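Pasted below: work37.cif, mmCIF, C-alpha atoms.
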```cif
data_structure
#
loop_
_atom_site.label_atom_id
_atom_site.label_comp_id
_atom_site.auth_asym_id
_atom_site.auth_seq_id
_atom_site.Cartn_x
_atom_site.Cartn_y
_atom_site.Cartn_z
CA MET A 3 -87.88 -58.41 62.50
CA LYS A 4 -88.97 -61.56 60.72
CA TYR A 5 -91.55 -60.22 58.26
CA PHE A 6 -91.56 -56.40 58.38
CA GLY A 7 -88.63 -54.47 56.97
CA THR A 8 -88.02 -50.73 56.87
CA ASP A 9 -90.83 -50.34 54.35
CA GLY A 10 -93.47 -52.89 55.32
CA PHE A 11 -94.01 -56.60 54.74
CA ARG A 12 -92.79 -57.29 51.18
CA GLY A 13 -92.70 -60.43 49.09
CA LYS A 14 -93.65 -62.16 45.88
CA ALA A 15 -97.45 -62.33 45.73
CA ASN A 16 -98.73 -65.52 47.40
CA GLU A 17 -95.16 -66.75 47.95
CA GLY A 18 -93.18 -64.52 50.31
CA LEU A 19 -96.36 -62.65 51.24
CA ASP A 20 -99.54 -64.72 50.96
CA VAL A 21 -103.21 -64.02 51.45
CA ASP A 22 -103.20 -65.70 54.87
CA HIS A 23 -100.59 -63.20 56.07
CA ALA A 24 -102.90 -60.36 55.01
CA PHE A 25 -105.90 -61.89 56.79
CA LYS A 26 -103.90 -62.29 60.00
CA ILE A 27 -102.59 -58.73 59.84
CA GLY A 28 -106.18 -57.53 59.54
CA ARG A 29 -107.27 -59.78 62.41
CA PHE A 30 -104.57 -58.49 64.76
CA VAL A 31 -104.88 -54.81 63.84
CA GLY A 32 -108.68 -54.89 64.18
CA TRP A 33 -108.41 -56.41 67.64
CA TYR A 34 -105.39 -54.41 68.85
CA TYR A 35 -106.93 -51.01 68.12
CA GLY A 36 -110.47 -52.04 68.98
CA ALA A 37 -111.70 -54.96 71.06
CA ARG A 38 -108.48 -55.08 73.10
CA THR A 39 -109.36 -51.65 74.49
CA GLY A 40 -113.12 -52.21 74.64
CA ARG A 41 -114.03 -50.15 71.60
CA LYS A 42 -114.56 -50.45 67.85
CA ALA A 43 -111.52 -49.62 65.73
CA ARG A 44 -111.69 -47.54 62.55
CA VAL A 45 -109.08 -48.50 59.96
CA VAL A 46 -108.56 -47.03 56.49
CA ILE A 47 -107.18 -49.11 53.59
CA GLY A 48 -105.70 -48.09 50.25
CA LYS A 49 -103.99 -49.99 47.44
CA ASP A 50 -102.00 -49.59 44.26
CA THR A 51 -102.98 -51.02 40.87
CA ARG A 52 -101.37 -54.50 40.99
CA ARG A 53 -103.73 -57.38 40.25
CA SER A 54 -102.84 -58.96 43.60
CA SER A 55 -103.66 -55.78 45.55
CA TYR A 56 -107.38 -56.55 45.22
CA MET A 57 -106.83 -60.00 46.75
CA TYR A 58 -104.92 -58.58 49.72
CA GLU A 59 -107.52 -55.85 50.16
CA SER A 60 -110.28 -58.45 50.52
CA ALA A 61 -108.22 -60.50 52.98
CA LEU A 62 -107.32 -57.49 55.13
CA VAL A 63 -110.93 -56.30 55.21
CA ALA A 64 -112.13 -59.79 56.17
CA GLY A 65 -109.62 -59.93 59.01
CA LEU A 66 -110.48 -56.46 60.27
CA VAL A 67 -114.24 -56.92 60.41
CA ALA A 68 -113.86 -60.43 61.87
CA SER A 69 -112.04 -58.82 64.79
CA GLY A 70 -114.74 -56.17 65.17
CA ALA A 71 -113.16 -53.23 63.34
CA ASP A 72 -114.79 -51.02 60.72
CA ALA A 73 -112.78 -51.03 57.47
CA TYR A 74 -112.89 -47.89 55.33
CA MET A 75 -111.85 -48.62 51.73
CA LEU A 76 -110.10 -45.87 49.78
CA HIS A 77 -109.47 -48.15 46.80
CA VAL A 78 -106.59 -47.02 44.53
CA ILE A 79 -104.68 -44.15 46.13
CA PRO A 80 -101.02 -43.16 46.66
CA THR A 81 -99.33 -44.29 49.87
CA PRO A 82 -99.10 -40.69 51.17
CA GLY A 83 -102.84 -40.43 50.57
CA VAL A 84 -103.41 -43.18 53.12
CA SER A 85 -101.17 -41.35 55.61
CA TYR A 86 -103.04 -38.08 55.05
CA VAL A 87 -106.53 -39.59 55.33
CA THR A 88 -105.59 -41.59 58.43
CA ALA A 89 -104.54 -38.46 60.32
CA ASP A 90 -107.16 -36.15 58.80
CA GLY A 91 -110.04 -38.53 59.51
CA ALA A 92 -108.88 -39.48 63.03
CA PHE A 93 -108.57 -43.17 62.13
CA ASP A 94 -106.84 -45.56 64.48
CA CYS A 95 -104.39 -46.65 61.79
CA GLY A 96 -103.97 -46.97 58.06
CA ILE A 97 -102.97 -49.81 55.75
CA MET A 98 -101.48 -49.48 52.27
CA ILE A 99 -101.15 -52.42 49.87
CA THR A 100 -98.18 -51.84 47.57
CA ALA A 101 -94.71 -52.98 46.57
CA SER A 102 -93.81 -49.43 45.53
CA HIS A 103 -91.40 -49.47 42.55
CA ASN A 104 -91.15 -53.28 42.39
CA PRO A 105 -92.64 -55.43 39.57
CA TYR A 106 -96.33 -56.38 39.57
CA THR A 107 -95.40 -59.91 40.71
CA ASP A 108 -94.44 -58.48 44.12
CA ASN A 109 -96.62 -56.84 46.70
CA GLY A 110 -96.45 -55.50 50.22
CA ILE A 111 -98.38 -54.24 53.21
CA LYS A 112 -97.44 -50.97 54.91
CA LEU A 113 -99.00 -49.82 58.16
CA VAL A 114 -99.16 -46.31 59.60
CA ASN A 115 -100.25 -45.13 63.03
CA HIS A 116 -103.05 -42.66 63.85
CA SER A 117 -100.76 -39.75 62.92
CA GLY A 118 -100.02 -41.21 59.50
CA GLU A 119 -96.45 -42.08 60.49
CA LYS A 120 -94.81 -45.46 60.00
CA MET A 121 -96.08 -47.97 62.54
CA ASP A 122 -94.06 -48.42 65.74
CA ASP A 123 -91.79 -51.46 65.76
CA GLU A 124 -93.38 -52.65 69.01
CA VAL A 125 -96.76 -53.11 67.28
CA LEU A 126 -95.17 -54.75 64.23
CA GLU A 127 -93.37 -57.25 66.46
CA GLN A 128 -96.69 -58.21 68.07
CA ILE A 129 -98.25 -58.68 64.63
CA GLU A 130 -95.39 -61.02 63.76
CA ASP A 131 -95.98 -62.98 66.97
CA TYR A 132 -99.66 -63.37 66.02
CA ILE A 133 -98.75 -64.54 62.52
CA ASP A 134 -96.47 -67.15 64.09
CA GLY A 135 -99.20 -68.35 66.49
CA LYS A 136 -97.69 -66.91 69.67
CA ILE A 137 -100.72 -64.73 70.42
CA GLU A 138 -104.42 -65.54 70.30
CA VAL A 139 -106.99 -63.01 69.11
CA PRO A 140 -110.75 -63.59 69.67
CA LEU A 141 -113.29 -63.37 66.87
CA ALA A 142 -116.02 -60.74 67.12
CA VAL A 143 -119.58 -62.06 67.33
CA GLU A 144 -123.11 -60.72 66.91
CA GLU A 145 -123.30 -56.92 66.85
CA ALA A 146 -119.56 -56.62 67.55
CA ILE A 147 -118.68 -57.76 64.01
CA GLY A 148 -117.31 -54.83 62.01
CA GLN A 149 -118.58 -53.27 58.81
CA THR A 150 -117.04 -52.34 55.48
CA VAL A 151 -117.40 -48.74 54.32
CA ASP A 152 -116.79 -47.49 50.78
CA PHE A 153 -114.76 -44.36 51.50
CA MET A 154 -114.09 -42.80 48.10
CA GLN A 155 -114.61 -39.37 49.68
CA GLY A 156 -111.35 -39.93 51.53
CA ARG A 157 -109.47 -39.95 48.24
CA ASN A 158 -111.32 -36.80 47.20
CA ARG A 159 -110.22 -35.11 50.43
CA TYR A 160 -106.62 -36.05 49.66
CA ILE A 161 -106.88 -34.55 46.17
CA ALA A 162 -108.41 -31.38 47.66
CA HIS A 163 -105.54 -31.24 50.18
CA LEU A 164 -102.96 -31.34 47.37
CA ILE A 165 -104.73 -28.61 45.43
CA ALA A 166 -105.12 -26.43 48.52
CA SER A 167 -101.38 -26.68 49.25
CA ALA A 168 -100.65 -24.77 46.02
CA ASN A 169 -101.34 -21.04 46.22
CA PHE A 170 -100.29 -20.40 42.63
CA SER A 171 -101.63 -20.84 39.12
CA LEU A 172 -100.06 -23.05 36.47
CA GLN A 173 -101.95 -21.38 33.65
CA GLY A 174 -99.98 -21.73 30.44
CA VAL A 175 -97.41 -24.17 31.85
CA ARG A 176 -96.92 -27.38 29.85
CA VAL A 177 -96.43 -30.24 32.34
CA GLY A 178 -95.79 -33.92 31.59
CA LEU A 179 -96.81 -36.61 34.09
CA ASP A 180 -95.63 -40.23 33.98
CA CYS A 181 -97.94 -42.05 36.39
CA ALA A 182 -96.13 -45.43 36.14
CA ASN A 183 -99.52 -47.11 35.55
CA GLY A 184 -99.81 -46.97 39.31
CA ALA A 185 -101.57 -45.17 42.13
CA ALA A 186 -100.93 -41.68 40.72
CA SER A 187 -103.04 -42.51 37.66
CA SER A 188 -106.30 -41.37 39.23
CA VAL A 189 -104.90 -38.47 41.29
CA ALA A 190 -102.08 -36.51 39.62
CA LYS A 191 -103.90 -35.21 36.54
CA PRO A 192 -106.94 -33.83 38.45
CA VAL A 193 -104.56 -31.89 40.72
CA PHE A 194 -102.63 -30.26 37.87
CA ASP A 195 -105.84 -29.68 35.90
CA ALA A 196 -107.31 -27.80 38.86
CA LEU A 197 -104.26 -25.51 38.93
CA GLY A 198 -104.72 -24.63 35.26
CA ALA A 199 -101.74 -26.44 33.75
CA ASP A 200 -101.66 -27.83 30.24
CA VAL A 201 -101.31 -31.44 31.34
CA TYR A 202 -99.76 -34.16 29.21
CA VAL A 203 -100.22 -37.46 31.01
CA PHE A 204 -99.08 -40.93 29.99
CA ASN A 205 -98.63 -44.37 31.53
CA ASN A 206 -101.94 -43.82 33.32
CA THR A 207 -103.88 -46.86 32.06
CA PRO A 208 -103.17 -49.56 34.64
CA SER A 209 -103.97 -53.15 33.68
CA GLY A 210 -102.89 -54.82 36.90
CA PHE A 211 -99.75 -56.09 35.19
CA ASN A 212 -98.07 -52.98 33.75
CA ILE A 213 -97.26 -51.04 36.93
CA ASN A 214 -93.62 -49.76 36.75
CA VAL A 215 -93.01 -51.59 33.46
CA SER A 216 -90.58 -49.42 31.46
CA CYS A 217 -92.13 -46.32 33.01
CA GLY A 218 -92.23 -44.14 36.09
CA SER A 219 -89.40 -42.86 38.28
CA THR A 220 -87.30 -46.01 37.85
CA HIS A 221 -87.38 -45.73 34.04
CA ILE A 222 -86.95 -41.99 33.67
CA GLU A 223 -85.82 -42.25 30.03
CA ALA A 224 -89.50 -42.57 29.04
CA LEU A 225 -90.29 -39.15 30.50
CA GLN A 226 -87.12 -37.60 29.08
CA SER A 227 -88.10 -38.44 25.53
CA TYR A 228 -91.73 -37.47 26.20
CA VAL A 229 -90.77 -34.00 27.47
CA LEU A 230 -88.53 -33.31 24.48
CA ARG A 231 -90.96 -34.75 21.94
CA ASN A 232 -93.85 -32.61 23.20
CA HIS A 233 -91.77 -29.47 23.96
CA LEU A 234 -92.87 -29.41 27.60
CA ASP A 235 -91.70 -27.00 30.31
CA VAL A 236 -91.20 -29.74 32.89
CA GLY A 237 -92.07 -33.36 33.58
CA PHE A 238 -92.61 -35.48 36.69
CA ALA A 239 -92.41 -39.25 37.04
CA TYR A 240 -93.83 -41.15 40.00
CA ASP A 241 -93.31 -44.72 41.17
CA GLY A 242 -96.02 -47.35 41.64
CA ASP A 243 -97.40 -45.96 44.90
CA ALA A 244 -96.50 -42.32 44.11
CA ASP A 245 -94.41 -41.61 47.19
CA ARG A 246 -91.41 -40.83 44.94
CA CYS A 247 -90.94 -38.17 42.32
CA ILE A 248 -88.15 -37.66 39.80
CA ALA A 249 -88.33 -34.63 37.51
CA VAL A 250 -87.13 -33.88 33.99
CA ASP A 251 -86.28 -30.29 33.10
CA ASP A 252 -87.10 -28.36 29.95
CA ARG A 253 -83.92 -29.62 28.28
CA GLY A 254 -84.71 -33.27 28.96
CA HIS A 255 -82.20 -33.64 31.80
CA VAL A 256 -82.98 -35.75 34.87
CA VAL A 257 -83.58 -33.86 38.13
CA ASP A 258 -83.31 -36.48 40.87
CA GLY A 259 -84.09 -36.25 44.57
CA ASP A 260 -80.77 -34.58 45.38
CA LEU A 261 -81.36 -31.82 42.85
CA ILE A 262 -84.98 -31.40 43.98
CA MET A 263 -83.77 -30.95 47.57
CA TYR A 264 -81.30 -28.31 46.43
CA VAL A 265 -83.88 -26.34 44.44
CA CYS A 266 -86.40 -26.39 47.28
CA ALA A 267 -83.82 -25.76 50.03
CA ARG A 268 -82.42 -22.71 48.27
CA TYR A 269 -85.88 -21.25 47.72
CA LEU A 270 -87.15 -21.98 51.24
CA ASN A 271 -83.99 -20.67 52.89
CA LYS A 272 -84.19 -17.48 50.85
CA HIS A 273 -87.72 -16.87 52.13
CA GLY A 274 -87.19 -18.01 55.74
CA GLY A 275 -89.05 -21.27 55.26
CA LEU A 276 -86.21 -23.74 55.84
CA ALA A 277 -86.18 -24.66 59.54
CA LYS A 278 -82.72 -24.11 61.06
CA SER A 279 -81.35 -23.65 57.52
CA THR A 280 -80.79 -27.40 57.44
CA VAL A 281 -81.60 -30.20 54.98
CA VAL A 282 -81.67 -33.91 55.86
CA PRO A 283 -80.33 -36.06 52.98
CA THR A 284 -78.95 -39.59 53.36
CA VAL A 285 -75.34 -40.71 53.31
CA MET A 286 -75.90 -41.91 49.72
CA SER A 287 -76.73 -38.44 48.42
CA ASN A 288 -74.27 -37.08 45.89
CA PHE A 289 -71.21 -35.25 47.20
CA GLY A 290 -72.04 -32.49 44.73
CA LEU A 291 -75.26 -31.78 46.66
CA PHE A 292 -73.30 -31.37 49.90
CA LYS A 293 -70.88 -28.95 48.23
CA ALA A 294 -73.70 -26.96 46.62
CA LEU A 295 -75.57 -26.63 49.92
CA GLU A 296 -72.43 -25.38 51.64
CA GLU A 297 -71.99 -22.73 48.93
CA ILE A 298 -75.44 -21.24 49.63
CA GLY A 299 -75.05 -21.38 53.42
CA VAL A 300 -77.39 -24.30 54.02
CA GLN A 301 -76.34 -26.97 56.50
CA TYR A 302 -77.08 -30.67 56.14
CA GLU A 303 -77.35 -33.66 58.45
CA ALA A 304 -77.01 -36.95 56.56
CA THR A 305 -78.80 -40.04 57.88
CA ASP A 306 -78.66 -43.73 57.10
CA VAL A 307 -80.42 -44.84 53.90
CA GLY A 308 -84.22 -44.94 54.16
CA ASP A 309 -86.95 -42.30 54.43
CA LYS A 310 -87.73 -43.77 57.85
CA TYR A 311 -84.41 -42.45 59.13
CA VAL A 312 -84.76 -39.14 57.32
CA TYR A 313 -88.13 -38.47 58.93
CA ALA A 314 -86.91 -39.55 62.37
CA CYS A 315 -84.05 -37.06 62.16
CA MET A 316 -86.37 -34.30 60.96
CA ARG A 317 -88.88 -34.91 63.73
CA GLU A 318 -86.25 -35.16 66.46
CA ASN A 319 -84.47 -31.96 65.46
CA GLY A 320 -87.29 -29.83 64.09
CA TYR A 321 -86.03 -29.78 60.49
CA SER A 322 -88.48 -29.11 57.66
CA LEU A 323 -86.91 -30.64 54.54
CA GLY A 324 -85.25 -33.98 53.85
CA GLY A 325 -85.19 -36.84 51.42
CA GLU A 326 -83.40 -39.35 49.28
CA GLN A 327 -81.74 -39.33 45.88
CA SER A 328 -84.43 -41.78 44.71
CA GLY A 329 -87.10 -39.08 45.01
CA HIS A 330 -88.56 -39.63 48.47
CA ILE A 331 -88.80 -35.99 49.60
CA ILE A 332 -90.44 -34.95 52.88
CA PHE A 333 -91.71 -31.42 53.47
CA GLY A 334 -92.06 -31.55 57.24
CA ASP A 335 -94.17 -28.40 57.57
CA ILE A 336 -96.86 -30.00 55.38
CA GLU A 337 -96.55 -33.78 55.77
CA ASN A 338 -94.84 -36.60 57.65
CA THR A 339 -94.03 -38.86 54.72
CA GLY A 340 -92.70 -38.66 51.18
CA ASP A 341 -95.36 -37.67 48.63
CA GLY A 342 -94.44 -37.63 44.96
CA ILE A 343 -97.31 -35.42 43.83
CA MET A 344 -96.71 -32.96 46.68
CA THR A 345 -93.02 -32.87 45.70
CA SER A 346 -93.90 -31.99 42.11
CA LEU A 347 -96.14 -29.17 43.36
CA ARG A 348 -93.36 -27.78 45.54
CA VAL A 349 -90.99 -27.79 42.56
CA MET A 350 -93.61 -25.97 40.49
CA GLU A 351 -93.97 -23.41 43.30
CA VAL A 352 -90.27 -22.57 43.00
CA ILE A 353 -90.40 -22.40 39.20
CA ARG A 354 -93.35 -20.02 39.30
CA ALA A 355 -92.06 -17.84 42.14
CA GLU A 356 -88.52 -17.53 40.79
CA LYS A 357 -89.69 -17.15 37.18
CA GLU A 358 -86.89 -19.50 36.12
CA SER A 359 -86.84 -22.78 34.22
CA LEU A 360 -85.95 -25.92 36.14
CA SER A 361 -82.76 -26.31 34.08
CA THR A 362 -81.63 -22.88 35.31
CA LEU A 363 -82.53 -23.59 38.93
CA VAL A 364 -80.40 -26.76 39.09
CA ARG A 365 -77.43 -25.29 37.20
CA PRO A 366 -75.33 -24.40 40.30
CA VAL A 367 -75.14 -28.07 41.36
CA LYS A 368 -72.28 -30.03 39.87
CA LEU A 369 -73.05 -33.67 40.57
CA TYR A 370 -69.97 -35.81 41.02
CA PRO A 371 -69.41 -39.05 39.11
CA GLN A 372 -70.15 -42.06 41.33
CA LEU A 373 -68.75 -45.58 41.20
CA LEU A 374 -70.58 -48.16 43.32
CA VAL A 375 -69.15 -51.67 43.66
CA ASN A 376 -71.07 -54.43 45.46
CA VAL A 377 -68.60 -56.91 46.92
CA PRO A 378 -69.94 -60.40 47.85
CA VAL A 379 -68.40 -61.40 51.19
CA LYS A 380 -68.53 -64.40 53.52
CA ASP A 381 -69.69 -62.30 56.49
CA ARG A 382 -70.68 -58.66 55.99
CA ASN A 383 -70.44 -57.84 59.70
CA ALA A 384 -66.95 -59.31 60.00
CA ALA A 385 -65.84 -57.40 56.91
CA MET A 386 -67.18 -54.12 58.28
CA ALA A 387 -65.43 -54.72 61.62
CA ASP A 388 -62.04 -55.43 60.00
CA PRO A 389 -59.56 -52.67 61.00
CA ALA A 390 -57.85 -53.03 57.61
CA VAL A 391 -61.12 -52.28 55.78
CA LEU A 392 -61.86 -49.29 58.02
CA ALA A 393 -58.34 -47.99 57.53
CA ALA A 394 -58.65 -48.42 53.76
CA ALA A 395 -61.85 -46.38 53.73
CA LYS A 396 -60.06 -43.55 55.55
CA GLU A 397 -57.13 -43.85 53.13
CA GLY A 398 -59.51 -43.57 50.19
CA ASP A 399 -61.01 -40.40 51.67
CA ALA A 400 -57.54 -38.97 52.27
CA PHE A 401 -56.56 -39.79 48.69
CA LEU A 402 -59.41 -37.55 47.45
CA ALA A 403 -58.23 -34.76 49.77
CA GLY A 404 -61.66 -33.31 50.55
CA ASN A 405 -62.71 -33.18 46.91
CA GLY A 406 -64.78 -36.34 47.03
CA ARG A 407 -65.36 -39.24 49.38
CA VAL A 408 -65.30 -42.98 49.84
CA PHE A 409 -68.27 -44.52 51.60
CA VAL A 410 -68.43 -48.15 52.74
CA ARG A 411 -71.55 -49.83 54.12
CA ALA A 412 -72.92 -53.33 54.54
CA SER A 413 -76.09 -54.42 52.78
CA GLY A 414 -79.05 -54.69 55.12
CA THR A 415 -80.20 -58.03 53.73
CA GLU A 416 -77.35 -59.74 51.85
CA ASN A 417 -73.72 -60.64 52.48
CA LEU A 418 -72.54 -57.70 50.44
CA VAL A 419 -70.35 -54.73 51.22
CA ARG A 420 -71.09 -51.67 49.11
CA VAL A 421 -68.15 -49.44 48.24
CA LEU A 422 -69.08 -46.03 46.83
CA ALA A 423 -66.57 -43.48 45.57
CA GLU A 424 -67.41 -39.96 44.43
CA ALA A 425 -64.85 -37.67 42.81
CA PRO A 426 -64.52 -35.07 40.06
CA THR A 427 -63.59 -37.75 37.50
CA ASP A 428 -64.42 -41.39 36.83
CA GLU A 429 -60.72 -42.27 37.03
CA LEU A 430 -60.37 -40.80 40.53
CA CYS A 431 -63.49 -42.75 41.58
CA ARG A 432 -61.91 -45.98 40.34
CA LEU A 433 -58.59 -45.32 42.09
CA ALA A 434 -60.30 -44.46 45.38
CA ASP A 435 -62.54 -47.54 45.18
CA ASP A 436 -59.54 -49.78 44.47
CA ILE A 437 -57.98 -48.88 47.82
CA VAL A 438 -60.95 -50.36 49.71
CA LEU A 439 -61.51 -53.25 47.30
CA ALA A 440 -57.97 -54.46 47.96
CA ALA A 441 -58.64 -54.60 51.71
CA LEU A 442 -61.90 -56.51 51.13
CA GLU A 443 -60.21 -59.18 49.02
CA VAL A 444 -59.67 -61.52 52.00
CA HIS A 445 -63.40 -61.38 52.85
CA LYS A 446 -64.71 -62.22 49.37
CA ARG A 447 -66.69 -65.36 48.72
#
```
Re-express the file's structure as structure tokens.
Amino acid sequence: MKYFGTDGFRGKANEGLDVDHAFKIGRFVGWYYGARTGRKARVVIGKDTRRSSYMYESALVAGLVASGADAYMLHVIPTPGVSYVTADGAFDCGIMITASHNPYTDNGIKLVNHSGEKMDDEVLEQIEDYIDGKIEVPLAVEEAIGQTVDFMQGRNRYIAHLIASANFSLQGVRVGLDCANGAASSVAKPVFDALGADVYVFNNTPSGFNINVSCGSTHIEALQSYVLRNHLDVGFAYDGDADRCIAVDDRGHVVDGDLIMYVCARYLNKHGGLAKSTVVPTVMSNFGLFKALEEIGVQYEATDVGDKYVYACMRENGYSLGGEQSGHIIFGDIENTGDGIMTSLRVMEVIRAEKESLSTLVRPVKLYPQLLVNVPVKDRNAAMADPAVLAAAKEGDAFLAGNGRVFVRASGTENLVRVLAEAPTDELCRLADDIVLAALEVHKR
């Protein structure tokens, strides 16, 4: 598609994604779900804490009501909160304004359908056609013009939903929360407070410009030092829109999405809560996770990179747990999207039920060293179709003899080929990578 990628319409604020784009998205969505079918659409809107999010919110609302839809404003809320409220409140669709873990200079618009799932490509393609002037949408007039509704109670319902999902007490547990100066800032602490935890929260004073700046899940070192300095039992870091979660254990070690999946999979499988005893990671998950899952009798089905593909696999096959190394974790029996705060609650459930520290729970997993090389090429598709490159990838795998792997994939947006090797040592990673890099030499630019 021209504007929408796997995670919405992204761009630098008022450059790649401008306010006119937002207005047109609102115009089309308001008409498509409303006047087109002879009714009034109900659309819910949330945003993160970027300065530009307020601008896009106003433009989207103007477009929606101009097309006859009613716009319900959640204000600052995590992306999964929009998904939850959309489905829970029987809205026609939901819109989230965020660029996730990107700098404040960027922004984006994500759309979800009435079930809170990512919007169908067919609808997104029609929105793109409207943006490009290929479709006309009438303006609403007189009593058909929509209204704007302040819907703060929607965010309160989402907070109540998170609290209700936890049937345990955190009394006496010292928990650190890095809110990335983003959407979790107004949600995470109330949830942990309600469960009785001793909550230590930081990076929760958004200015519009400090979202993700040296904090949150992409700068986990801030939480590591915070946990150790304050002698906490566990810490959780979210990204700007709080759909990711990376943890830090009681010893200050990082517990990424792969390790979180292992901890939760082992616990759920032990208690009959892991559908088909299967986890859905991506092909970029660490080889050590795959080995650890095999050792506890849990199967896995790896998808392409992107939570969109993880969820599609889970839904199609009836699996209940999947996610990415980056911290997008989906608990399919509770939700249909990654939710950082929900993920932290599920980790706390395991810690409390097993009466073990997080450092003990992750101990069985031996993560393999990884070496990722991005190779600039003249044509990524031609490089990936080259029999010599494909043969080299197989040779690299054979070289590691089942005790590691070589994975080769093209970038989705750039003329790059990514070569990833995983092995018990850094030296073996380098040697395995070199086999493929030699075959790619003729394609380099």
message = Quick check on the file I pasted: which residues fall under the PyMOL selection byres ((chain A and resi 46) around 12)? Write them as a PyMOL selection string.
response = chain A and resi 28+31-32+43-45+47-49+59+62-63+66+71-77+79+81+83-99+112-116+118+150-157
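When the PyMOL selection byres ((chain A and resi 333) around 7) is evaluated on the file shown here, the picked residues come out as A:Ser322, A:Leu323, A:Gly324, A:Ile331, A:Ile332, A:Gly334, A:Asp335, A:Ile336, A:Glu337.
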message = When you look at segment 419-434 of chain A with a cut-off of 8 Å (counting all atoms listed in the file), what residues show up, excluding the ones that are within fewer than 6 positions of it in the same chain? I need them as a ChimeraX atom specification.
response = /A:288-289,370-379,382,385-386,398-399,401-402,405-413
task = Report the distance between atom CA of Val193 of chain A and atom CA of Ile343 of chain A in Å, rounded to one decimal place.
result =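 Computing it gives 8.6 Å between the two atoms.
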query = What is the distance, in Å and to one decimal place, between atom CA of Ala142 of chain A and atom CA of Phe11 of chain A?
reply = 25.6 Å
